[in-house]
Amino acid sequence: MLPFEPTAQEGTPRLVEVAVDAPGGPGPRTWTYRVPPELADLEPGEAVLVPFGRRQAIGIVLGPAAPAGTPSARSVGATSPAEDDEAPSGPEARPIAARVRTDGPLLPPLALGFAQRIAARYLAPVAGVVRAMLPPSLLEKLELMVEVTPAGEAQLGLAAPALAPVDLALLDDLAGRPRAARDLASPEGRGALLRRLRSLADAGLVDLAWTLLGATAGPRYERRVWITRDGAATAALLREASKPRGRPLGPRQVEALAELAGDPAAGEGSSDGVPAAAIADRHGSSALAGLVRRGLVRAEVRERPRRPLADRPVSKRGARPADADLTPDQEAALAVVLEAVQARDPTPVLLDGVTGSGKTAIYVEAIAACLAAGRPALLLVPEIALATPVVDRLRADLAARIAVLHSALGEGERADEWRRIRAGGADVVVGTRTAVLAPLADVGLIVVDEEHDPAYKSDRTPRFQARDSAIELGVRAGAAVVLGSATPSVESVGRARSGEYRRLVLPTRAAGTEPEVTVVDMRAELQAGNRGILSGRLAEAMAGLDTAHGDRAILVLNRRGTASVVVCRDCGYVQACPDCERPLVYHQAGTTLRCHHCGRAWPPATRCPQCASPRIRYLGGGTERVEREVRDRFPHLRTGRLDRDIAERKGATERVLDAFAAGHLDVLVGTSLVAKGIDVPEVTLVGVVSADVALNLPDERAAERTYQLLAQAVGRAGRGGRPGAAFIQTYRPDHRAITAVAERDAAAFYDEELDLRRRFGSPPFGRLVKLTVGMAEREAAEKTATAYAEQLRARARLEAPSVQVVGPAPAFIARRAEKWRYHVILRGPDPVALLDPPPGAPWSIDVDPETLL
């Protein structure tokens with residue numbers, strides 16, 4: 001990349017826009033800085049150190065500053081902040097202090113422009129988006145260090161110091177050595193602590209300095225060794241019992257030299273060498289060092305990349321059979337995708353295929369064509385559990401360099417994969433939603449598998465939607481975009497019907513047959529005296545599972561844990577999270593009560609905290625309880641479990657799925673993780689234990705989410721040569737989401753959902769913004785929310801009458817992390833326009849929210 005093109009006459013200071021990684025106002029605001037002469041070769045994407053108010057901060061150079069008075073300069077850029085937060089522009093703009101890194105731009109131009117677009121769309125700080133594009137700990141951070149001055153030490157020695165006791169305590173805490181400000185205790189809170197430190201600094205009692213902390217996720221290196229020509233000749237003489245010239249070798253040196261001579265990887269013609277540590281472990285480090293000194297062995301330090309797939313066999317789950325030709329429907333769909341790849345057409349292609357219709361085969365063929373055209377490909381999956389089978393398929397079918405990006409990788413693995421992608425060393429990138437932020441310099445095909453999945457929406461800043469962001473990336477890169485799903489989102493179906501997307505339908509399975517679906521009315525089961533988790537018909541099907549022929553079953557339950565509510569039988573007290581005020585869930589594994597909203601855990605009470613009664617009862621059932629009941633009732637069935645608690649353990653998801661695919665498990669119990677993406681032909685039975693969990697949520701997407709979960713779960717059965725069966729247990733058998741799955745009438749379901757969305761102006765007929773305020777006091781939160789809602793209504797009447805302001809209303813989880821939360825919802829064609837400028841703390845902004853709860 002070339003430095004900035006000159007945009008001004010000789011002698012005119014060069015100004016650049018910088019995204020500062022520090023609190024500086026909400027939204028995608030950037031700052032203007034002057035480039036000093038010593039940094040004349042500065043490039044867009046580089047990390048720099050800049051003055052920011054009374055401190056220093058790390059920033060990312062975005063590009064030349066917009067001329068003063070232009071719309072971009074007014075709406076995005078602001079002059080570099082001085083102590084009053086507003087400094088003059090032009091020659092008086094503050095200079096960039098230093099370059100942080102020496103390895104060039106962090107991001108290529110495509111990714112850097114993409115980051116700015118995400119920030120603008122989701123009203124997020126640009127620097128925060130760039131941070132999200134980097135592996136954890138890759139970019140340096142700043143630490144505020146505090147040191148007592150001689151004047152401050154003198155105050156500690158006075159009999160009657162002129163300082164407040166809290167200031168004296170601070171000085172005493174700092175005595176002897178510099179300390180990081182974040183390590184200092186303060187009962188008044190961090191903000192008050194910083195104000196006190198600045199006051200002490202102004203009085204000359206302490207020195208404050210910003211120190212740059214190095215990145216921790218650097219490359220890993222190792223020492224490797226090769227046998228030299230002299231070493232090989234010496235080893236040959238030793239084999240012939242001849243005495244080589246020079247000082248004789250010790251016994252351990254002889255053994256080490258013989259081992260290296262017999263290893264092709266250690267030969268002079270090899271580029272790999274062998275790890276020096278392995279030779280030293282077997283023969284001693286001093287023996288190896290002696291061989292190196294005598295020139296018999298050559299040593300070299302090389303980078304040792306951490307590769308997530310290094311220890312996984314390529315043929316773990318196998319490729320598509322060579323004789324499995326594409327169906328006519330697949331061929332027709334593939335032709336459209338290949339045309340888009342060749343034409344660099346970013347118009348989204350909605351690949352709407354029933355479960356088992358062969359969408360992955362189309363992905364593989366399209367990726368092969370993209371690679372043949374010399375452009376890399378990006379494939380997104382919603383869950384970490386789905387990345388492994390997709391990667392297995394790609395590695396078996398394609399001779400391509402595949403990189404993996406998701407949060408289950410170790411910190412070093414993520415950093416090394418990121419570096420490999422940035423250097424152009426990956427042909428295909430596979431990952432979860434964060435993979436759309438990969439540092440790709442170019443991309444020719446973007447595939448979003450299971451495009452309907454809510455996991456593509458980030459729940460933390462930047463709150464981007466990976467599917468929609470992938471479409472934006474396709475536009476910027478000139479890449480074909482494929483959205484695949486057996487149960488497309490209502491928005492995608494609506495956009496396809498309006499002509500925004502091209503829709504390709506795969507109506508039949510490529511192999512196997514659709515399973516027979518049975519809806520079980522659990523009200524009738526209760527009337528018949530069955531109070532267990534499994535209905536009589538599902539239990540009967542489980543008992544008849546033909547494991548001798550390899551038949552397997554999947555049981556889906558949209559709830560983790562052993563019991564959903566822990567209640568006192570005497571007073572009715574329900575044990576709840578003290579922070580979120582939501583019922584705690586009992587987990588038998590680990591014997592804990594856990595909050596599924598904030599993640600905190602407590603030991604279960606043996607007596608009621610309210611009335612001290614020992615009569616504690618565990619109601620409801622989660623995946624752990626279903627697993628236990630299956631083991632108790634069907635001891636001959638080998639049963640495993642996969643839910644979020646299991647998936648959090650490194651490598652556990654792959655181990656469970658591999659065991660199930662290999663036939664080491666007969667039954668897999670899990671949450672929605674097992675309801676999608678699992679292609680095991682031997683699965684002949686699927687049971688949805690409780691279909692009503694999501695239906696009972698007060699959210700406009702509740703029916704859609706239920707339909708998608710059920711259709712995806714049912715689709716796991718019957719993919720091989722044996723017929724499949726699916727049982728849906730429900731207390732609402734007549735609900736349209738359930739009947740649509742049972743009767744395979746997706747069109748009617750989407751018709752009704754789109755009619756409802758049109759009536760309320762919901763996506764795809766409008767956009768939503770969810771504003772959430774969180775405060776320690778409930779009344780303060782409600783008052784703040786009400787005041788801002790009224791302010792927005794007044795602005796809407798004048799500037800955007802088509803935007804509706806709804807609320808405020810308490811959040812579905814009204815109290816979380818010790819804060820009371822209220823929502824204000826904006827609904828309309830362009831509700832984001834009403835937020836100029838966007839609100840700052842204590843508000844959070846969720847543009848295009850996945851849920852209104």
# chains A, B, ... in the order shown; residues from 1 in each chain; ligands from 1

$ residues_around --residues "Ala479 in chain A" --least-positions-apart "2" --cutoff "7 Å" --atoms "only C-alpha atoms" --output "number ranges by chain"
A: 341, 344-346, 443-446, 474-475, 477, 481

$ write_last_selection --atoms "C-alpha atoms" --output "PDB file, in the first residue's frame"
ATOM      1  CA  VAL A 341     -19.022 -15.388  -8.944  1.00  0.00           C
ATOM      2  CA  ARG A 344     -18.688 -10.267  -9.361  1.00  0.00           C
ATOM      3  CA  ASP A 345     -22.385  -9.695  -8.735  1.00  0.00           C
ATOM      4  CA  PRO A 346     -23.110  -9.054  -5.011  1.00  0.00           C
ATOM      5  CA  VAL A 443     -12.958 -12.095  -1.387  1.00  0.00           C
ATOM      6  CA  GLY A 444     -14.829 -13.556  -4.355  1.00  0.00           C
ATOM      7  CA  LEU A 445     -17.565 -15.594  -2.652  1.00  0.00           C
ATOM      8  CA  ILE A 446     -19.305 -15.221   0.707  1.00  0.00           C
ATOM      9  CA  GLY A 474     -19.965  -8.475  -0.872  1.00  0.00           C
ATOM     10  CA  VAL A 475     -20.941  -5.071  -2.281  1.00  0.00           C
ATOM     11  CA  ALA A 477     -15.526  -6.461  -2.621  1.00  0.00           C
ATOM     12  CA  VAL A 481     -23.177 -13.706  -1.690  1.00  0.00           C
TER      13      VAL A 481
END

$ select_by_dssp --residues "range 165-283 of chain A" --states "strand (DSSP E or B)" --output "ChimeraX atom specification"
/A:179-180,206-213,221-227,274-275

$ atom_distance --atom1 "CA of Leu371 in chain A" --atom2 "CA of Val436 in chain A"
18.1 Å

$ select_by_dssp --residues "range 550-769 of chain A" --states "alpha helix (DSSP H)" --output "short mmCIF file (atom, residue, chain, number, x, y, z; two decimals) with C-alpha atoms, in the first residue's frame"
data_model
loop_
_atom_site.label_atom_id
_atom_site.label_comp_id
_atom_site.auth_asym_id
_atom_site.auth_seq_id
_atom_site.Cartn_x
_atom_site.Cartn_y
_atom_site.Cartn_z
CA THR A 623 -30.88 -31.37 28.98
CA GLU A 624 -29.13 -32.92 31.98
CA ARG A 625 -32.40 -34.33 33.31
CA VAL A 626 -33.41 -35.68 29.88
CA GLU A 627 -30.02 -37.33 29.54
CA ARG A 628 -30.37 -38.94 32.96
CA GLU A 629 -33.90 -40.17 32.25
CA VAL A 630 -32.82 -41.73 28.95
CA ARG A 631 -29.91 -43.47 30.69
CA ASP A 632 -32.21 -44.77 33.44
CA ARG A 633 -35.02 -45.96 31.15
CA ARG A 644 -23.78 -24.69 25.91
CA ASP A 645 -22.25 -26.01 29.12
CA ILE A 646 -20.49 -28.78 27.20
CA ALA A 647 -19.54 -26.55 24.25
CA ALA A 652 -15.64 -30.93 23.72
CA THR A 653 -18.02 -30.15 20.84
CA GLU A 654 -15.81 -31.96 18.32
CA ARG A 655 -15.40 -34.96 20.62
CA VAL A 656 -19.15 -35.37 21.14
CA LEU A 657 -20.07 -34.91 17.46
CA ASP A 658 -17.27 -37.21 16.30
CA ALA A 659 -18.39 -39.90 18.74
CA PHE A 660 -21.99 -39.63 17.52
CA ALA A 661 -21.01 -39.65 13.84
CA ALA A 702 -41.30 -16.20 18.77
CA ALA A 703 -43.32 -18.10 16.17
CA GLU A 704 -40.56 -17.79 13.57
CA ARG A 705 -37.90 -19.08 15.97
CA THR A 706 -40.09 -22.02 16.98
CA TYR A 707 -40.85 -22.95 13.37
CA GLN A 708 -37.17 -22.82 12.45
CA LEU A 709 -36.06 -24.90 15.43
CA LEU A 710 -38.67 -27.58 14.80
CA ALA A 711 -38.10 -27.79 11.04
CA GLN A 712 -34.35 -27.96 11.49
CA ALA A 713 -34.61 -30.61 14.21
CA VAL A 714 -37.03 -32.77 12.24
CA ARG A 736 -49.40 -22.35 13.22
CA ALA A 737 -45.63 -22.79 13.77
CA ILE A 738 -46.16 -26.44 14.73
CA THR A 739 -48.76 -27.28 12.10
CA ALA A 740 -46.56 -25.73 9.40
CA VAL A 741 -43.79 -28.20 10.27
CA ALA A 742 -46.12 -31.18 10.63
CA ALA A 746 -43.83 -23.36 4.82
CA ALA A 747 -45.47 -21.02 2.30
CA ALA A 748 -48.55 -20.53 4.45
CA PHE A 749 -46.44 -19.84 7.51
CA TYR A 750 -44.35 -17.19 5.73
CA ASP A 751 -47.51 -15.61 4.25
CA GLU A 752 -48.99 -15.12 7.69
CA GLU A 753 -45.72 -13.89 9.25
CA LEU A 754 -45.17 -11.36 6.46
CA ASP A 755 -48.72 -10.07 6.84
CA LEU A 756 -48.06 -9.44 10.54
CA ARG A 757 -44.73 -7.74 9.82
CA ARG A 758 -46.33 -5.52 7.18
CA ARG A 759 -49.06 -4.48 9.62
CA PHE A 760 -46.55 -3.38 12.28
#

$ residues_around --residues "Arg827 in chain A" --least-positions-apart "3" --cutoff "9 Å" --atoms "only C-alpha atoms" --output "count of residues only"
15
